[in-house]
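Report on the structure given below.
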Number of protein chains: 2
Amino acid sequence: MAPRGGEAQAHREDQAGIDRHVSAARLRHEVATLLQSWGMAGDHAASSAEILVQADLFGIESHGVNMLAIYEGYKDSGKLTLAPKVATIRETPVSVLIDAGGGLGHHPSLLATDAAIAKARGAGVGLASVRNSNHYGAAGIYARRIAQAGFLGFAFTGVGRPSVVPTGARQAMFGTNPIAFAAPAKRNGPFLLDMATSTAAVGKLLVASRNGTAIPPVWAMNAEGQAVTDADEGLKHRMLMPLGGASKETGGHKGYGLAVMVEILSTTLAGASYAPLRPDSAKHYDVGHFFMAIDPCLFRDEGAFEDDLDAMIDALHAATPARVDTPVLVAGDPELSTERERLESGIPISPSLDTLLRGLFTRAGLPFTLHG
Amino acid sequence: MAPRGGEAQAHREDQAGIDRHVSAARLRHEVATLLQSWGMAGDHAASSAEILVQADLFGIESHGVNMLAIYEGYKDSGKLTLAPKVATIRETPVSVLIDAGGGLGHHPSLLATDAAIAKARGAGVGLASVRNSNHYGAAGIYARRIAQAGFLGFAFTGVGRPSVVPTGARQAMFGTNPIAFAAPAKRNGPFLLDMATSTAAVGKLLVASRNGTAIPPVWAMNAEGQAVTDADEGLKHRMLMPLGGASKETGGHKGYGLAVMVEILSTTLAGASYAPLRPDSAKHYDVGHFFMAIDPCLFRDEGAFEDDLDAMIDALHAATPARVDTPVLVAGDPELSTERERLESGIPISPSLDTLLRGLFTRAGLPFTLHG
């Protein structure tokens, strides 16, 4: 759940030369059709399609329609309730708690995001938690949605299966627990940070494995807790290092601390399941999410926050670059420029994505109509 | 403004063998006396003394009474208003905005923290911003205060002088912009994360310089943007790397993104000054802070959050350690154990701290009474 500009870049490079593109609207329609054939209600399927295709628009293929293959696995293993009862189970003027009923995370998370926005419109701040949920796609999409409504937006989530190892341990105790934060500007696009609290997410190891390149010694470890540089070995053990690496000297205890913070906000606050303590007999992952919207007008005159953020973003773009011809970027720049490009020319369908989708549609007994 | 267990440890080692200790109460009294002699009001001086001595209780000497030498410099250069008018300039049922009047940050920050707690008691969530402020000490102290009141606590701050370099740049554009987050448990002490968003804070370079040890190549760079391993060279350039280092490959863009997030929450939201855009003619640093308190009962039954957090902390302490005899720690463990020890046996006064304090008292025309 941790897209980054770097990963988006890697994926874009993988797909250089692809000349098959489909419009976002067309892809959303196809994905929704597939999910309805699984037994999902129309509005739930539409929400999942919206979030997955938005990740592809952002260039974050690791969290895009690719994820459908994972969800199919959840479905087949009974980890997913396809027609969940999503219910608001606690509410105040500043908060809402939603039970996702064991279904996919996208629909309840859109409801939660919009509830946080509505609360912020009324009270200046809105908090929304979701429990009994599942994978919700790319965290930044929810944070950006809040920024588009004019508020500072936060989105956090736990992850069903642990992969991140605390400093001083050799046991995975957290998922890649992302932090997403967005804030509205005027002349510029929103500031949009969406980062795993691990140094690198699993998707980056997959790219290195495909390309046969070594991985830096701050990404993953083996069962003995030693750094690995072979991507396949890293994928086998699935023991990622927190942001900053495995040692305190390089700041790894900070990435570990951030992972705990995200777990507390997403899991403990929502009353969801902390994965290492979840009984093996549990039917669902019971993932938790947390969203928050803050109205800058609690503290600033109308428009002043956005003006100041524009000035900061401009100053960062104008900062002395390390390489003369490579300007300094601000979080969100890669995603927003890829989105502009793909809204124009469509989402590229790589041969591997074509194969993946074709398999999904065939197994669902549906015609596959995304031909070139 | 970024204490960490590692730094606390280093400082404790520096002070091994010291047998002069003073009680926290005695040290607070002396510090308050000194600050009043500078012209500060009694309540402001008491707040500063409380926060500074609390950092020493936590073992975070870099943010303890040591800081008085820095504050004396601010005073002498006119960067500090000694008798500021601190005023609430905007308020809603969930928020408060405080103008610190150009004085030290401790007193307005304690007011803001307590206002956030009071708002959370009423509405379930409380947000407090401070503008026109200055150094406020160790961020974790405010977050812990919120957790002691039963709420999830956040504290963020900007920093007057930039020292952290964005990914792809060779110009400092942020301070060490700390994130502090605390959450209440029952059987365990609170979870207490307090971290600079740089890989290492300036204090760690000072320790390495004193000890003549090399620094890891992810801490600091020279004017050309190249990593330095000599602590003195790092201190000369004052160009720190974000958490994750200077490269995207090691996750440095995430530390950079977190630094921007903290700057937006502390500076932009409060309407304080973003240091790189502050006019040279500005009298004050105009630092901004942000505090937030969240009542877990918005989402959980009374006590359920604390029970679940205890279970998570216990699971982390019991995780398989990398070294058999070194148990896994949780953020806050080093600070809270040092606090217990120092509340019992007093705060150690090293020869260098003795010299520093003696100079301050002498220059203020006060008798120095902290003799052994």
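Chain lettering (A, B, ...) mirrors the order of the structure tokens, residue numbering begins at 1 for each chain separately, and ligand numbering begins at 1 in order of display.
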#### Entry: Proximal residues of chain B relative to chain A (only C-alpha atoms; 7 Å) as a PyMOL selection string
chain B and resi 90+95+97+168-171+193+195+199-200+218+225+243-244+250-251+254+257+268-271+296+298-300+305+308-309+319-322+328+331
#### Entry: Test item, strand (DSSP E or B) assignment across region 108-334 of chain A, answer as an MDAnalysis selection string
chainID A and resid 125:133 152:157 164 169 174 179:183 191:195 198 220:221 227:228 240 242 287:294 321
### Nearby residues (only C-alpha atoms) at most 10 Å from region 338-342 of chain A, same-chain spacing under 4 positions excluded, as a list in words
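The neighbour list is Ala8, Gln9, Arg12, His21, Val22, Ser23, Ala24, Gln54, Ala55, Asp56, Leu57, Phe58, Gly59, Ile60, Gly332, Asp333, Pro334, Gly346, Ile347 and Pro348 of chain A.
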What does chain A look like once superposed on chain B, all Cα atoms paired in sequence order, least squares? Give it as a CSV table (one decimal) with C-alpha atoms, in the first residue's frame.
```csv
chain,number,residue,atom,x,y,z
A,1,MET,CA,14.3,19.2,18.6
A,2,ALA,CA,14.8,15.6,18.0
A,3,PRO,CA,15.8,13.4,20.9
A,4,ARG,CA,16.2,9.8,20.3
A,5,GLY,CA,17.0,6.8,22.4
A,6,GLY,CA,20.4,6.5,20.7
A,7,GLU,CA,21.3,10.1,21.5
A,8,ALA,CA,20.2,9.7,25.1
A,9,GLN,CA,22.3,6.6,25.3
A,10,ALA,CA,25.4,8.4,23.9
A,11,HIS,CA,24.9,11.2,26.4
A,12,ARG,CA,24.5,8.8,29.3
A,13,GLU,CA,27.8,7.2,28.3
A,14,ASP,CA,29.5,10.6,28.2
A,15,GLN,CA,28.5,11.1,31.7
A,16,ALA,CA,29.5,7.8,33.2
A,17,GLY,CA,31.3,8.2,36.5
A,18,ILE,CA,29.7,11.6,37.3
A,19,ASP,CA,28.8,11.6,41.0
A,20,ARG,CA,27.2,15.0,41.2
A,21,HIS,CA,23.5,14.9,40.9
A,22,VAL,CA,20.8,17.5,41.6
A,23,SER,CA,17.1,16.8,42.0
A,24,ALA,CA,14.8,17.9,39.2
A,25,ALA,CA,13.0,20.3,41.6
A,26,ARG,CA,16.2,22.0,42.5
A,27,LEU,CA,17.4,22.3,38.9
A,28,ARG,CA,14.0,23.7,37.9
A,29,HIS,CA,14.2,26.3,40.6
A,30,GLU,CA,17.6,27.4,39.6
A,31,VAL,CA,16.7,27.6,35.9
A,32,ALA,CA,13.6,29.6,36.6
A,33,THR,CA,15.6,32.0,38.7
A,34,LEU,CA,18.1,32.5,35.9
A,35,LEU,CA,15.4,33.1,33.3
A,36,GLN,CA,13.6,35.6,35.6
A,37,SER,CA,16.8,37.5,36.0
A,38,TRP,CA,16.8,37.9,32.2
A,39,GLY,CA,13.4,39.6,32.5
A,40,MET,CA,11.1,36.7,31.9
A,41,ALA,CA,7.8,36.6,33.9
A,42,GLY,CA,7.5,33.9,36.6
A,43,ASP,CA,5.1,31.7,34.8
A,44,HIS,CA,7.0,31.8,31.5
A,45,ALA,CA,10.3,31.0,33.3
A,46,ALA,CA,8.6,28.2,35.2
A,47,SER,CA,7.4,26.6,31.9
A,48,SER,CA,10.8,26.8,30.3
A,49,ALA,CA,12.4,25.3,33.4
A,50,GLU,CA,9.9,22.5,33.4
A,51,ILE,CA,10.4,21.6,29.8
A,52,LEU,CA,14.2,21.8,29.8
A,53,VAL,CA,14.6,19.8,33.0
A,54,GLN,CA,12.1,17.2,31.7
A,55,ALA,CA,14.4,16.6,28.8
A,56,ASP,CA,17.3,16.0,31.2
A,57,LEU,CA,15.0,13.6,33.1
A,58,PHE,CA,14.5,11.8,29.9
A,59,GLY,CA,18.2,11.6,29.3
A,60,ILE,CA,18.0,14.0,26.3
A,61,GLU,CA,20.7,16.4,27.3
A,62,SER,CA,20.8,17.9,23.8
A,63,HIS,CA,17.4,19.5,24.6
A,64,GLY,CA,17.9,20.0,28.4
A,65,VAL,CA,19.3,22.9,30.4
A,66,ASN,CA,22.3,22.8,28.0
A,67,MET,CA,19.9,24.8,25.7
A,68,LEU,CA,20.2,27.8,28.0
A,69,ALA,CA,23.5,28.8,26.3
A,70,ILE,CA,21.7,28.9,22.9
A,71,TYR,CA,18.8,30.9,24.4
A,72,GLU,CA,21.3,33.4,25.9
A,73,GLY,CA,22.6,33.9,22.4
A,74,TYR,CA,19.1,34.5,21.1
A,75,LYS,CA,18.5,37.0,23.9
A,76,ASP,CA,21.8,38.8,23.3
A,77,SER,CA,21.2,39.1,19.5
A,78,GLY,CA,17.7,40.4,20.0
A,79,LYS,CA,16.0,37.3,18.5
A,80,LEU,CA,14.0,36.7,21.6
A,81,THR,CA,11.2,38.8,23.2
A,82,LEU,CA,11.8,38.2,26.9
A,83,ALA,CA,8.4,39.5,28.1
A,84,PRO,CA,6.1,38.5,25.2
A,85,LYS,CA,2.4,39.0,25.0
A,86,VAL,CA,1.1,35.5,24.5
A,87,ALA,CA,-2.5,35.6,23.1
A,88,THR,CA,-5.2,33.3,21.8
A,89,ILE,CA,-6.1,34.8,18.5
A,90,ARG,CA,-8.5,32.3,17.1
A,91,GLU,CA,-10.6,29.6,18.7
A,92,THR,CA,-13.4,27.1,17.9
A,93,PRO,CA,-14.8,24.2,19.9
A,94,VAL,CA,-12.0,21.9,18.4
A,95,SER,CA,-9.1,24.3,18.0
A,96,VAL,CA,-7.0,27.2,19.3
A,97,LEU,CA,-4.4,29.4,17.6
A,98,ILE,CA,-1.9,31.1,19.9
A,99,ASP,CA,0.5,34.0,19.1
A,100,ALA,CA,3.6,33.5,21.1
A,101,GLY,CA,4.7,37.1,20.8
A,102,GLY,CA,8.2,36.3,19.8
A,103,GLY,CA,9.2,34.6,23.1
A,104,LEU,CA,10.6,31.2,23.9
A,105,GLY,CA,8.3,28.4,22.8
A,106,HIS,CA,7.9,26.5,26.1
A,107,HIS,CA,5.2,28.5,27.8
A,108,PRO,CA,2.9,29.0,24.7
A,109,SER,CA,3.4,25.4,23.8
A,110,LEU,CA,2.3,24.2,27.3
A,111,LEU,CA,-0.8,26.4,26.9
A,112,ALA,CA,-1.4,25.0,23.5
A,113,THR,CA,-1.0,21.4,24.7
A,114,ASP,CA,-3.4,22.0,27.6
A,115,ALA,CA,-5.9,23.7,25.2
A,116,ALA,CA,-5.7,20.7,22.9
A,117,ILE,CA,-6.4,18.4,25.9
A,118,ALA,CA,-9.3,20.5,27.0
A,119,LYS,CA,-10.8,20.6,23.5
A,120,ALA,CA,-10.4,16.8,23.3
A,121,ARG,CA,-12.2,16.4,26.6
A,122,GLY,CA,-15.1,18.4,25.2
A,123,ALA,CA,-15.3,17.4,21.5
A,124,GLY,CA,-13.2,14.2,21.3
A,125,VAL,CA,-10.4,16.0,19.4
A,126,GLY,CA,-8.4,19.1,20.0
A,127,LEU,CA,-5.9,20.9,17.6
A,128,ALA,CA,-3.6,23.8,18.7
A,129,SER,CA,-1.3,25.8,16.6
A,130,VAL,CA,1.3,28.3,17.8
A,131,ARG,CA,2.9,31.0,15.6
A,132,ASN,CA,5.5,33.7,16.2
A,133,SER,CA,7.3,31.3,18.5
A,134,ASN,CA,10.8,30.0,19.0
A,135,HIS,CA,12.6,26.8,20.2
A,136,TYR,CA,10.2,24.7,22.3
A,137,GLY,CA,12.5,22.0,23.6
A,138,ALA,CA,11.9,18.3,23.1
A,139,ALA,CA,8.7,17.6,21.1
A,140,GLY,CA,8.0,14.3,22.9
A,141,ILE,CA,7.4,16.1,26.2
A,142,TYR,CA,4.2,17.7,24.9
A,143,ALA,CA,3.1,14.4,23.2
A,144,ARG,CA,3.6,12.5,26.5
A,145,ARG,CA,1.7,15.2,28.4
A,146,ILE,CA,-1.3,14.5,26.1
A,147,ALA,CA,-1.0,10.7,26.5
A,148,GLN,CA,-0.9,11.2,30.3
A,149,ALA,CA,-4.3,12.9,30.0
A,150,GLY,CA,-5.6,9.7,28.2
A,151,PHE,CA,-5.4,10.9,24.6
A,152,LEU,CA,-3.3,10.1,21.5
A,153,GLY,CA,-0.9,13.0,21.4
A,154,PHE,CA,0.9,14.7,18.5
A,155,ALA,CA,3.5,17.4,18.6
A,156,PHE,CA,5.3,18.9,15.5
A,157,THR,CA,7.5,21.9,15.1
A,158,GLY,CA,9.4,23.9,12.5
A,159,VAL,CA,12.9,25.0,13.2
A,160,GLY,CA,14.3,28.6,12.8
A,161,ARG,CA,17.4,27.7,10.7
A,162,PRO,CA,17.4,25.2,7.8
A,163,SER,CA,19.8,22.3,8.0
A,164,VAL,CA,18.1,19.5,6.0
A,165,VAL,CA,18.5,19.0,2.3
A,166,PRO,CA,15.7,17.8,0.0
A,167,THR,CA,16.3,14.7,-2.2
A,168,GLY,CA,18.0,15.9,-5.4
A,169,ALA,CA,19.1,19.2,-3.9
A,170,ARG,CA,22.2,20.6,-2.4
A,171,GLN,CA,20.7,23.4,-0.3
A,172,ALA,CA,19.2,23.1,3.1
A,173,MET,CA,15.4,23.9,3.0
A,174,PHE,CA,14.1,22.5,6.3
A,175,GLY,CA,15.0,22.1,9.9
A,176,THR,CA,15.2,18.8,11.6
A,177,ASN,CA,11.4,19.1,11.8
A,178,PRO,CA,10.5,16.5,14.4
A,179,ILE,CA,7.5,14.2,14.7
A,180,ALA,CA,6.4,13.3,18.2
A,181,PHE,CA,3.5,10.9,18.8
A,182,ALA,CA,2.4,9.3,22.1
A,183,ALA,CA,-0.4,7.0,23.1
A,184,PRO,CA,-1.5,5.8,26.5
A,185,ALA,CA,-1.3,2.2,27.6
A,186,LYS,CA,-2.1,0.7,31.1
A,187,ARG,CA,0.4,-1.8,32.3
A,188,ASN,CA,3.2,-0.3,30.1
A,189,GLY,CA,4.3,3.3,29.9
A,190,PRO,CA,3.0,5.2,27.0
A,191,PHE,CA,4.2,4.6,23.4
A,192,LEU,CA,6.4,7.7,22.9
A,193,LEU,CA,8.0,8.4,19.5
A,194,ASP,CA,10.1,11.6,19.2
A,195,MET,CA,12.2,11.7,16.1
A,196,ALA,CA,13.9,14.2,13.9
A,197,THR,CA,12.9,13.7,10.2
A,198,SER,CA,16.7,13.9,9.4
A,199,THR,CA,18.6,10.7,9.7
A,200,ALA,CA,20.6,12.2,12.6
A,201,ALA,CA,20.2,15.4,14.5
A,202,VAL,CA,23.0,17.9,14.9
A,203,GLY,CA,23.5,16.6,18.5
A,204,LYS,CA,24.7,13.3,17.2
A,205,LEU,CA,27.3,15.0,15.0
A,206,LEU,CA,28.5,16.9,18.0
A,207,VAL,CA,28.9,13.6,20.0
A,208,ALA,CA,30.9,12.1,17.1
A,209,SER,CA,33.0,15.2,16.8
A,210,ARG,CA,33.8,15.0,20.6
A,211,ASN,CA,34.6,11.3,20.3
A,212,GLY,CA,36.6,11.7,17.1
A,213,THR,CA,34.5,8.9,15.4
A,214,ALA,CA,33.5,8.7,11.8
A,215,ILE,CA,29.8,9.3,10.9
A,216,PRO,CA,27.8,7.0,8.6
A,217,PRO,CA,27.5,8.3,5.0
A,218,VAL,CA,23.8,8.9,5.4
A,219,TRP,CA,24.0,11.7,8.0
A,220,ALA,CA,25.4,14.8,6.3
A,221,MET,CA,26.8,16.2,3.0
A,222,ASN,CA,29.2,18.9,1.8
A,223,ALA,CA,28.5,21.9,-0.4
A,224,GLU,CA,28.7,19.7,-3.5
A,225,GLY,CA,26.0,17.4,-2.1
A,226,GLN,CA,28.5,14.5,-1.4
A,227,ALA,CA,28.2,12.4,1.8
A,228,VAL,CA,30.8,13.3,4.4
A,229,THR,CA,32.1,10.9,7.1
A,230,ASP,CA,34.0,13.5,9.1
A,231,ALA,CA,31.7,14.9,11.8
A,232,ASP,CA,33.5,18.3,11.9
A,233,GLU,CA,33.1,18.7,8.1
A,234,GLY,CA,29.4,17.8,8.6
A,235,LEU,CA,29.0,20.4,11.3
A,236,LYS,CA,30.8,23.0,9.2
A,237,HIS,CA,28.4,22.7,6.2
A,238,ARG,CA,25.3,22.0,8.3
A,239,MET,CA,23.6,20.1,5.4
A,240,LEU,CA,21.9,17.1,6.9
A,241,MET,CA,20.4,14.2,5.0
A,242,PRO,CA,16.7,13.4,5.5
A,243,LEU,CA,15.8,10.1,7.1
A,244,GLY,CA,16.8,7.4,4.5
A,245,GLY,CA,19.8,9.4,3.3
A,246,ALA,CA,20.4,11.5,0.2
A,247,SER,CA,19.3,8.9,-2.4
A,248,LYS,CA,15.9,7.7,-3.4
A,249,GLU,CA,17.2,4.1,-3.5
A,250,THR,CA,17.7,4.2,0.3
A,251,GLY,CA,14.4,5.9,0.9
A,252,GLY,CA,15.7,9.5,1.4
A,253,HIS,CA,12.7,11.0,-0.5
A,254,LYS,CA,10.5,9.6,2.3
A,255,GLY,CA,12.4,11.5,5.0
A,256,TYR,CA,12.3,14.6,2.8
A,257,GLY,CA,8.5,14.1,2.3
A,258,LEU,CA,8.0,13.8,6.1
A,259,ALA,CA,10.0,17.0,6.6
A,260,VAL,CA,7.7,18.8,4.3
A,261,MET,CA,4.6,17.3,6.0
A,262,VAL,CA,5.9,18.6,9.4
A,263,GLU,CA,6.7,22.0,7.9
A,264,ILE,CA,3.2,22.3,6.5
A,265,LEU,CA,1.6,21.2,9.8
A,266,SER,CA,3.8,23.5,12.0
A,267,THR,CA,4.5,26.5,9.8
A,268,THR,CA,1.9,26.8,7.0
A,269,LEU,CA,-1.1,25.8,9.1
A,270,ALA,CA,-0.1,28.2,11.9
A,271,GLY,CA,0.8,31.1,9.6
A,272,ALA,CA,4.4,31.1,10.8
A,273,SER,CA,7.5,31.8,8.7
A,274,TYR,CA,9.0,29.3,6.3
A,275,ALA,CA,12.7,29.9,7.0
A,276,PRO,CA,14.0,30.0,3.4
A,277,LEU,CA,11.4,32.7,2.6
A,278,ARG,CA,11.8,34.7,5.8
A,279,PRO,CA,13.2,38.2,5.1
A,280,ASP,CA,16.7,38.8,6.5
A,281,SER,CA,15.3,41.8,8.2
A,282,ALA,CA,12.8,39.7,10.3
A,283,LYS,CA,13.4,40.4,14.0
A,284,HIS,CA,12.3,36.9,15.1
A,285,TYR,CA,12.5,33.3,13.7
A,286,ASP,CA,8.7,33.2,13.9
A,287,VAL,CA,8.7,29.4,14.4
A,288,GLY,CA,5.4,27.5,14.3
A,289,HIS,CA,4.2,24.5,16.3
A,290,PHE,CA,1.2,22.1,16.0
A,291,PHE,CA,-0.3,19.9,18.7
A,292,MET,CA,-3.2,17.5,18.5
A,293,ALA,CA,-5.1,15.3,21.1
A,294,ILE,CA,-7.5,12.5,20.0
A,295,ASP,CA,-9.8,10.7,22.5
A,296,PRO,CA,-9.6,7.0,21.8
A,297,CYS,CA,-13.2,6.8,23.1
A,298,LEU,CA,-14.3,8.3,19.8
A,299,PHE,CA,-13.9,4.8,18.4
A,300,ARG,CA,-13.3,2.4,21.4
A,301,ASP,CA,-15.0,1.5,24.6
A,302,GLU,CA,-13.4,2.9,27.8
A,303,GLY,CA,-10.0,1.2,28.3
A,304,ALA,CA,-10.1,-1.0,25.2
A,305,PHE,CA,-7.5,1.0,23.3
A,306,GLU,CA,-5.1,0.9,26.2
A,307,ASP,CA,-5.6,-2.9,26.6
A,308,ASP,CA,-4.8,-3.4,22.9
A,309,LEU,CA,-1.8,-1.1,23.0
A,310,ASP,CA,-0.5,-3.1,26.0
A,311,ALA,CA,-0.9,-6.3,24.0
A,312,MET,CA,1.0,-4.8,21.1
A,313,ILE,CA,3.8,-3.5,23.3
A,314,ASP,CA,4.1,-6.8,25.0
A,315,ALA,CA,4.3,-8.6,21.6
A,316,LEU,CA,7.1,-6.2,20.5
A,317,HIS,CA,9.1,-6.8,23.7
A,318,ALA,CA,8.7,-10.5,23.1
A,319,ALA,CA,9.6,-10.5,19.4
A,320,THR,CA,12.6,-12.7,18.4
A,321,PRO,CA,15.6,-10.5,19.0
A,322,ALA,CA,18.5,-10.2,16.5
A,323,ARG,CA,20.9,-10.8,19.4
A,324,VAL,CA,19.8,-13.3,22.0
A,325,ASP,CA,20.6,-11.1,25.0
A,326,THR,CA,19.2,-7.8,23.7
A,327,PRO,CA,15.5,-7.6,23.9
A,328,VAL,CA,13.5,-5.5,21.3
A,329,LEU,CA,12.7,-2.0,22.5
A,330,VAL,CA,9.6,0.1,21.9
A,331,ALA,CA,9.8,3.9,21.3
A,332,GLY,CA,9.9,5.6,24.7
A,333,ASP,CA,11.5,2.8,26.6
A,334,PRO,CA,14.9,4.5,27.0
A,335,GLU,CA,13.4,7.9,28.0
A,336,LEU,CA,11.0,6.4,30.5
A,337,SER,CA,13.6,4.2,32.2
A,338,THR,CA,16.0,7.1,32.4
A,339,GLU,CA,13.3,9.2,33.9
A,340,ARG,CA,12.5,6.6,36.6
A,341,GLU,CA,16.2,6.4,37.5
A,342,ARG,CA,16.7,10.2,37.6
A,343,LEU,CA,13.6,11.0,39.6
A,344,GLU,CA,15.2,8.6,42.2
A,345,SER,CA,18.8,9.6,42.1
A,346,GLY,CA,18.8,13.1,40.5
A,347,ILE,CA,20.1,14.6,37.3
A,348,PRO,CA,23.8,14.2,36.7
A,349,ILE,CA,25.8,17.5,36.3
A,350,SER,CA,28.8,16.9,34.1
A,351,PRO,CA,31.8,19.1,34.4
A,352,SER,CA,31.0,20.7,31.1
A,353,LEU,CA,27.4,21.4,32.1
A,354,ASP,CA,28.7,22.8,35.4
A,355,THR,CA,30.9,25.2,33.5
A,356,LEU,CA,28.1,26.2,31.2
A,357,LEU,CA,25.7,26.9,34.0
A,358,ARG,CA,28.3,28.7,36.1
A,359,GLY,CA,29.0,31.0,33.1
A,360,LEU,CA,25.3,31.7,32.6
A,361,PHE,CA,24.7,32.5,36.3
A,362,THR,CA,27.8,34.7,36.5
A,363,ARG,CA,26.9,36.7,33.4
A,364,ALA,CA,23.4,37.2,34.8
A,365,GLY,CA,25.0,38.5,38.1
A,366,LEU,CA,23.6,35.7,40.1
A,367,PRO,CA,25.3,33.5,42.7
A,368,PHE,CA,25.8,29.9,41.4
A,369,THR,CA,24.5,27.6,44.1
A,370,LEU,CA,24.5,24.2,42.3
A,371,HIS,CA,27.9,23.2,43.9
A,372,GLY,CA,28.4,19.6,44.7
```
### Task
Taking the DSSP assignment computed from this structure's backbone, write out as a PyMOL selection string all residues of region 216-340 of chain A that belong to alpha helix (DSSP H).
chain A and resi 231-237+252-263+304-317+333-340
